[in-house]
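Enquirer: This is entry11.cif, which holds mmCIF, C-alpha atoms:
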data_entry
loop_
_atom_site.label_atom_id
_atom_site.label_comp_id
_atom_site.auth_asym_id
_atom_site.auth_seq_id
_atom_site.Cartn_x
_atom_site.Cartn_y
_atom_site.Cartn_z
CA GLN A 1 -122.52 6.60 -107.62
CA VAL A 2 -124.46 7.34 -110.80
CA PHE A 3 -121.62 9.52 -112.09
CA GLU A 4 -119.12 6.65 -111.89
CA ARG A 5 -121.57 4.22 -113.52
CA THR A 6 -122.24 6.72 -116.31
CA ILE A 7 -118.55 7.24 -117.04
CA SER A 8 -118.19 3.48 -117.40
CA ILE A 9 -121.19 3.29 -119.72
CA VAL A 10 -119.94 6.04 -122.00
CA GLN A 11 -116.33 4.79 -122.07
CA THR A 12 -117.51 1.41 -123.31
CA THR A 13 -120.07 2.88 -125.73
CA LYS A 14 -118.11 5.20 -127.99
CA GLU A 15 -120.95 5.44 -130.50
CA LEU A 16 -123.44 6.55 -127.85
CA SER A 17 -124.02 10.05 -129.19
CA LYS A 18 -124.47 8.71 -132.76
CA ASN A 19 -127.43 6.53 -131.85
CA PRO A 20 -130.37 8.01 -133.81
CA ASP A 21 -132.91 6.65 -131.33
CA LEU A 22 -131.54 8.92 -128.61
CA SER A 23 -131.63 12.15 -130.66
CA PHE A 24 -128.72 13.64 -128.72
CA VAL A 25 -127.55 17.18 -129.46
CA LEU A 26 -125.60 17.53 -126.24
CA GLY A 27 -122.18 17.26 -127.81
CA GLU A 28 -119.23 15.59 -126.11
CA MET A 29 -119.97 14.20 -122.68
CA ASN A 30 -118.52 16.12 -119.76
CA ASP A 31 -118.98 16.35 -116.00
CA LYS A 32 -122.02 18.61 -116.45
CA ASN A 33 -124.10 16.69 -118.95
CA VAL A 34 -123.10 13.21 -117.79
CA TYR A 35 -126.23 13.01 -115.63
CA LEU A 36 -128.50 13.79 -118.55
CA TYR A 37 -126.73 11.27 -120.79
CA PHE A 38 -127.26 8.66 -118.10
CA GLN A 39 -130.93 9.58 -117.71
CA ILE A 40 -131.81 9.29 -121.40
CA TRP A 41 -129.55 6.37 -122.20
CA ASN A 42 -131.15 4.24 -119.48
CA THR A 43 -134.72 3.63 -120.60
CA SER A 44 -136.99 0.60 -120.76
CA HIS A 45 -139.10 -0.26 -123.80
CA ILE A 46 -142.62 -1.06 -122.61
CA SER A 47 -144.76 -3.07 -125.02
CA ARG A 48 -148.47 -2.47 -125.40
CA GLY A 49 -150.76 -4.50 -123.18
CA ASN A 50 -153.65 -4.43 -120.75
CA PHE A 51 -154.28 -4.71 -117.01
CA ASP A 52 -156.97 -4.25 -114.38
CA ARG A 53 -156.71 -1.36 -111.94
CA THR A 54 -158.63 -1.25 -108.69
CA GLU A 55 -159.74 1.43 -106.25
CA SER A 56 -162.01 0.57 -103.32
CA ASP A 57 -164.50 -1.94 -104.76
CA ILE A 58 -164.18 -0.75 -108.37
CA THR A 59 -162.11 -2.71 -110.88
CA GLN A 60 -161.49 -1.13 -114.27
CA HIS A 61 -159.94 -2.81 -117.32
CA ILE A 62 -157.31 -0.71 -119.12
CA GLU A 63 -155.78 -1.25 -122.53
CA ILE A 64 -152.65 0.56 -123.76
CA ASP A 65 -152.42 -0.01 -127.51
CA TYR A 66 -149.01 1.55 -128.18
CA ASP A 67 -145.43 0.98 -127.06
CA PHE A 68 -143.55 3.55 -125.01
CA ASP A 69 -140.18 4.17 -123.41
CA ILE A 70 -139.87 5.08 -119.75
CA MET A 71 -136.80 6.29 -117.89
CA LYS A 72 -135.37 3.60 -115.64
CA TYR A 73 -134.58 6.19 -112.98
CA GLU A 74 -136.23 9.23 -111.45
CA ILE A 75 -134.92 12.55 -112.76
CA THR A 76 -131.82 13.41 -110.75
CA GLN A 77 -130.80 16.73 -109.30
CA GLY A 78 -127.88 16.72 -111.74
CA ALA A 79 -130.07 16.27 -114.83
CA TYR A 80 -132.64 18.82 -113.66
CA GLN A 81 -129.96 21.40 -112.93
CA LEU A 82 -128.43 21.01 -116.39
CA VAL A 83 -131.78 21.50 -118.14
CA MET A 84 -133.29 24.20 -115.93
CA GLY A 85 -130.19 26.00 -114.67
CA SER A 86 -131.23 25.62 -111.03
CA ASN A 87 -131.84 22.95 -108.41
CA PRO A 88 -134.92 23.42 -106.20
CA SER A 89 -134.26 20.33 -104.05
CA HIS A 90 -134.48 20.45 -100.29
CA PHE A 91 -131.96 17.63 -99.89
CA LEU A 92 -129.03 19.24 -101.67
CA ASP A 93 -126.58 17.39 -99.43
CA CYS A 94 -127.88 14.11 -100.83
CA GLY A 95 -126.06 14.98 -104.05
CA LEU A 96 -126.60 15.18 -107.79
CA ASP A 97 -127.26 11.41 -107.94
CA CYS A 98 -130.40 11.86 -105.85
CA PRO A 99 -133.86 12.52 -107.26
CA VAL A 100 -134.82 16.13 -107.75
CA GLU A 101 -137.67 17.14 -105.45
CA GLN A 102 -139.64 20.20 -104.46
CA VAL A 103 -140.99 20.43 -108.00
CA ASN A 104 -144.66 21.10 -108.59
CA TRP A 105 -146.65 19.80 -111.55
CA PHE A 106 -146.08 22.98 -113.54
CA ASP A 107 -142.32 22.68 -112.96
CA ALA A 108 -142.45 19.11 -114.22
CA VAL A 109 -144.27 20.13 -117.41
CA LEU A 110 -141.83 22.98 -118.05
CA PHE A 111 -138.90 20.62 -117.50
CA THR A 112 -140.18 18.22 -120.17
CA ASN A 113 -140.50 20.99 -122.75
CA LYS A 114 -137.05 22.38 -122.00
CA LEU A 115 -135.54 18.90 -122.18
CA ASN A 116 -137.17 18.32 -125.56
CA GLN A 117 -135.83 21.64 -126.84
CA LEU A 118 -132.34 20.69 -125.68
CA LEU A 119 -132.58 17.33 -127.46
CA ASP A 120 -134.22 18.80 -130.59
CA LEU A 121 -137.41 16.80 -129.98
CA GLU A 122 -141.06 17.74 -130.29
CA ASN A 123 -142.59 19.66 -127.38
CA CYS A 124 -145.60 17.79 -126.03
CA TYR A 125 -147.13 20.64 -124.06
CA THR A 126 -148.41 24.08 -125.00
CA ILE A 127 -147.87 26.40 -122.05
CA ASP A 128 -149.79 29.64 -121.56
CA LYS A 129 -148.92 30.64 -118.00
CA TYR A 130 -150.97 28.17 -115.94
CA ASN A 131 -153.00 26.87 -118.88
CA ILE A 132 -151.34 23.68 -120.08
CA SER A 133 -152.59 21.65 -123.05
CA TRP A 134 -151.36 18.32 -124.41
CA THR A 135 -152.53 18.90 -127.96
CA LYS A 136 -151.29 15.78 -129.75
CA GLY A 137 -151.72 13.44 -126.80
CA ILE A 138 -149.88 10.14 -127.06
CA GLU A 139 -148.95 10.91 -130.68
CA CYS A 140 -146.35 13.41 -129.46
CA GLN A 141 -142.81 12.11 -130.03
CA GLY A 142 -141.06 14.05 -127.27
CA TRP A 143 -140.51 13.25 -123.61
CA ARG A 144 -143.51 13.88 -121.36
CA LEU A 145 -145.11 13.02 -118.04
CA PRO A 146 -146.58 9.52 -117.87
CA THR A 147 -150.31 9.04 -117.80
CA GLU A 148 -151.49 7.39 -114.61
CA ALA A 149 -152.30 4.25 -116.62
CA GLU A 150 -148.80 4.14 -118.14
CA TRP A 151 -147.27 4.62 -114.71
CA GLU A 152 -149.18 1.77 -113.04
CA TYR A 153 -148.72 -0.55 -116.01
CA ALA A 154 -144.95 0.04 -115.92
CA ALA A 155 -144.69 -0.22 -112.14
CA SER A 156 -146.56 -3.54 -112.05
CA ALA A 157 -144.53 -4.90 -114.98
CA GLY A 158 -147.07 -7.62 -115.68
CA ALA A 159 -146.69 -9.13 -112.20
CA SER A 160 -148.96 -9.29 -109.16
CA TYR A 161 -146.51 -7.90 -106.59
CA LYS A 162 -147.78 -5.35 -104.10
CA TYR A 163 -144.85 -3.04 -104.83
CA ALA A 164 -142.81 -2.43 -107.99
CA GLY A 165 -140.85 -5.68 -108.12
CA SER A 166 -141.54 -7.32 -104.76
CA ASP A 167 -144.03 -7.97 -101.99
CA ASN A 168 -141.36 -6.73 -99.56
CA ALA A 169 -141.20 -2.93 -99.39
CA ASP A 170 -137.59 -2.92 -98.15
CA ASP A 171 -136.42 -4.76 -101.27
CA VAL A 172 -137.52 -2.08 -103.70
CA GLY A 173 -137.99 1.28 -102.02
CA TRP A 174 -136.97 3.97 -99.57
CA TYR A 175 -139.77 4.82 -97.16
CA ARG A 176 -140.41 5.75 -93.53
CA ASN A 177 -138.88 2.59 -92.06
CA ASN A 178 -135.52 2.80 -93.87
CA ARG A 179 -135.10 6.23 -95.45
CA HIS A 180 -132.53 7.82 -93.07
CA HIS A 181 -134.60 11.04 -92.94
CA SER A 182 -134.12 12.02 -96.59
CA THR A 183 -134.14 10.90 -100.21
CA GLN A 184 -131.43 8.47 -101.34
CA PRO A 185 -129.34 8.17 -104.52
CA ILE A 186 -131.29 6.59 -107.36
CA GLY A 187 -131.01 2.94 -108.30
CA LEU A 188 -129.78 1.46 -105.02
CA LYS A 189 -132.80 -0.77 -104.47
CA LYS A 190 -133.99 -3.73 -106.53
CA ALA A 191 -135.62 -2.93 -109.88
CA ASN A 192 -138.84 -4.48 -111.10
CA SER A 193 -138.76 -7.04 -113.93
CA TRP A 194 -138.84 -4.24 -116.52
CA GLU A 195 -135.66 -2.73 -115.01
CA LEU A 196 -137.35 0.28 -113.43
CA TYR A 197 -135.86 1.56 -110.18
CA ASP A 198 -137.51 3.49 -107.35
CA MET A 199 -141.01 3.19 -108.77
CA SER A 200 -141.85 2.44 -105.13
CA GLY A 201 -140.52 4.99 -102.66
CA ASN A 202 -137.82 7.68 -102.66
CA VAL A 203 -140.02 10.41 -104.21
CA TYR A 204 -143.54 10.48 -105.58
CA GLU A 205 -143.72 10.99 -109.35
CA TRP A 206 -146.10 13.41 -111.05
CA CYS A 207 -148.44 12.05 -113.70
CA TRP A 208 -150.28 13.99 -116.37
CA ASP A 209 -153.80 13.06 -115.31
CA GLU A 210 -156.37 15.09 -113.52
CA TYR A 211 -157.87 13.09 -110.68
CA GLN A 212 -161.12 11.27 -111.24
CA GLN A 213 -162.61 8.20 -109.61
CA TYR A 214 -162.42 4.92 -111.45
CA THR A 215 -165.55 3.47 -113.02
CA LYS A 216 -166.33 -0.04 -114.22
CA LYS A 217 -166.17 1.10 -117.84
CA SER A 218 -163.18 -0.32 -119.74
CA LEU A 219 -160.87 2.30 -121.23
CA VAL A 220 -158.29 2.43 -124.01
CA ASN A 221 -155.32 4.81 -123.54
CA PRO A 222 -156.88 6.88 -120.74
CA THR A 223 -155.33 10.28 -120.01
CA GLY A 224 -157.46 11.44 -117.10
CA GLY A 225 -159.67 13.89 -118.96
CA GLU A 226 -159.48 17.68 -119.06
CA HIS A 227 -161.05 20.34 -116.84
CA ILE A 228 -162.83 17.77 -114.68
CA SER A 229 -160.82 18.26 -111.49
CA PRO A 230 -158.48 20.83 -109.94
CA TYR A 231 -156.15 18.03 -108.82
CA ARG A 232 -153.28 16.20 -110.51
CA ILE A 233 -152.16 12.65 -109.76
CA TYR A 234 -148.82 11.64 -108.27
CA ARG A 235 -147.75 8.03 -107.65
CA GLY A 236 -145.23 5.72 -106.03
CA GLY A 237 -144.78 6.68 -102.38
CA CYS A 238 -141.83 8.50 -100.87
CA TRP A 239 -139.03 8.46 -98.30
CA ASN A 240 -141.27 9.78 -95.51
CA ASP A 241 -144.42 7.74 -96.13
CA LEU A 242 -145.78 4.41 -94.98
CA ALA A 243 -145.17 1.26 -97.00
CA LEU A 244 -148.83 1.10 -98.04
CA CYS A 245 -148.33 4.35 -99.99
CA MET A 246 -145.68 2.64 -102.14
CA SER A 247 -148.02 0.03 -103.55
CA ASN A 248 -148.56 -0.08 -107.30
CA THR A 249 -152.24 0.76 -106.89
CA TYR A 250 -152.06 3.55 -104.30
CA ARG A 251 -153.25 6.92 -105.65
CA ARG A 252 -152.53 10.39 -104.38
CA TYR A 253 -153.56 13.76 -105.81
CA HIS A 254 -153.29 17.43 -104.97
CA TYR A 255 -153.34 20.87 -106.51
CA PRO A 256 -150.68 21.08 -109.25
CA SER A 257 -149.03 23.95 -107.37
CA LEU A 258 -148.00 21.59 -104.54
CA GLN A 259 -144.23 21.84 -104.14
CA TYR A 260 -142.72 19.68 -101.44
CA HIS A 261 -139.61 17.62 -100.72
CA PHE A 262 -141.29 14.34 -101.63
CA LEU A 263 -142.39 15.20 -105.19
CA GLY A 264 -140.27 14.32 -108.22
CA ILE A 265 -140.34 13.38 -111.91
CA ARG A 266 -139.94 10.41 -114.24
CA LEU A 267 -140.61 10.76 -117.98
CA VAL A 268 -141.95 8.62 -120.81
CA ARG A 269 -141.92 8.83 -124.59
CA THR A 270 -144.31 7.20 -127.07
CA ARG A 271 -142.58 4.83 -129.48
CA LYS A 272 -143.03 5.58 -133.16
CA SER A 273 -145.41 3.19 -134.90
CA LYS A 274 -143.73 1.05 -137.52
#
Show the structure stored in the file as structure tokens.

Expert:
Amino acid sequence: QVFERTISIVQTTKELSKNPDLSFVLGEMNDKNVYLYFQIWNTSHISRGNFDRTESDITQHIEIDYDFDIMKYEITQGAYQLVMGSNPSHFLDCGLDCPVEQVNWFDAVLFTNKLNQLLDLENCYTIDKYNISWTKGIECQGWRLPTEAEWEYAASAGASYKYAGSDNADDVGWYRNNRHHSTQPIGLKKANSWELYDMSGNVYEWCWDEYQQYTKKSLVNPTGGEHISPYRIYRGGCWNDLALCMSNTYRRYHYPSLQYHFLGIRLVRTRKSK
């Protein structure tokens, strides 16, 4: 159980809330905010780098020239409920340790801003009803949705595995062949080499990007453009999908209003330049 693991972490880390890198303003840990402490405490530092991404017969070289942090786990029902005051998940019986789902892209954006407000961090998104802008881009210092490039770079973790951490889908993810008809608690499968769990399977994860086809033109820090498509990207496969949908390269997209019990959230945060 995530709750039990979190209690252990905090009991052995008495200075947790004083760590300036975490920017906590949550106060003393209790049974309500323990899930959010766990979520923010458990992040991986991803160093800048480059990779090739492929779709159909198109291979595109991508460079990411900044470091960023990414949450090791998908946002849980417990963390989402603390920030938003409600839990939209279909699989409530799965428990607060399970990934939140039934969130659309707009919900995900709103969650990031509310989380940043709670942690006294910079809001990355300007929200005017259904008009969302990411004004500062990767320079924003708050939590935000990953770009599609950040997501695939982190999922692959510099390796050539088909899935996030293995060529065997059952090692790393919950999907149609093993999912027991619902989502599962986070972190039960093998992580990839950058200590990221459930990047393959359990729930899809919204990205910032609007959908566009890849080209052969190399890109630096791509964000998917603006006002080029009505669709937003989501990645990683889910509990009710085939194994092929969990691959690191598999892309899906839909209208940002899509709200279903296979759609969830994982957040990233740009590292300050030294």

Enquirer: Name the closest residue to A:Leu96 among the candidates A:Thr183, A:Thr215, A:Asn240, A:Ser166; distances are taken between atoms, counting all atoms listed in the file.

Expert: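 Answer, going by the shortest atom-to-atom distance: A:Thr183.
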
Enquirer: Please expand the PyMOL selection byres ((chain A and resi 156-163) around 8) into the concrete residues it hits in this file, giving the result as JSON, numbers by chain.

Expert: {"A": [51, 152, 153, 154, 155, 164, 165, 166, 167, 168, 169, 172, 192, 193, 194, 200, 246, 247, 248]}

Enquirer: Pick from A:Ile265, A:Ile127, A:Ala108, A:Cys98: nearest to A:Ile186, with all atoms listed in the file counted?

Expert: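 Looking only at the distances to A:Ile186, the closest residue turns out to be A:Cys98.
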
Enquirer: Interatomic distance between atom CA of A:His261 and atom CA of A:Gln77?

Expert: 12.3 Å

Enquirer: Measuring atom to atom with only C-alpha atoms, identify which of A:Asp97, A:Asp198, A:Asp120, A:Asp57 is nearest to A:Phe38.

Expert: A:Asp97

Enquirer: Find the residue from A:Leu258, A:Cys238, A:Ile40, A:Cys207 that sits nearest to A:Gly173; use all atoms listed in the file when measuring.

Expert: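 The closest residue to A:Gly173 is A:Cys238.
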
Enquirer: Would you translate the PyMOL selection byres ((chain A and resi 140) around 7) into the concrete set of residues it matches in this file, as number ranges by chain?

Expert: A: 122, 124, 136-139, 141-142, 270

Enquirer: What do you get, as a ChimeraX atom specification, if you spell out every residue that the PyMOL selection byres ((chain A and resi 185) around 12) selects here?

Expert: /A:1-3,73-78,91-100,173-174,179-180,182-184,186-189,197-198,201-203,239

Enquirer: Using all atoms listed in the file, which residues sit within 8 Å of stretch 219-227 of chain A once same-chain residues fewer than 4 positions away are excluded, as a ChimeraX atom specification?

Expert: /A:60-65,147-149,208-212

Enquirer: Between atom CA of A:Gln259 and atom CA of A:Glu101, what is the spacing in Å?

Expert: 8.2 Å
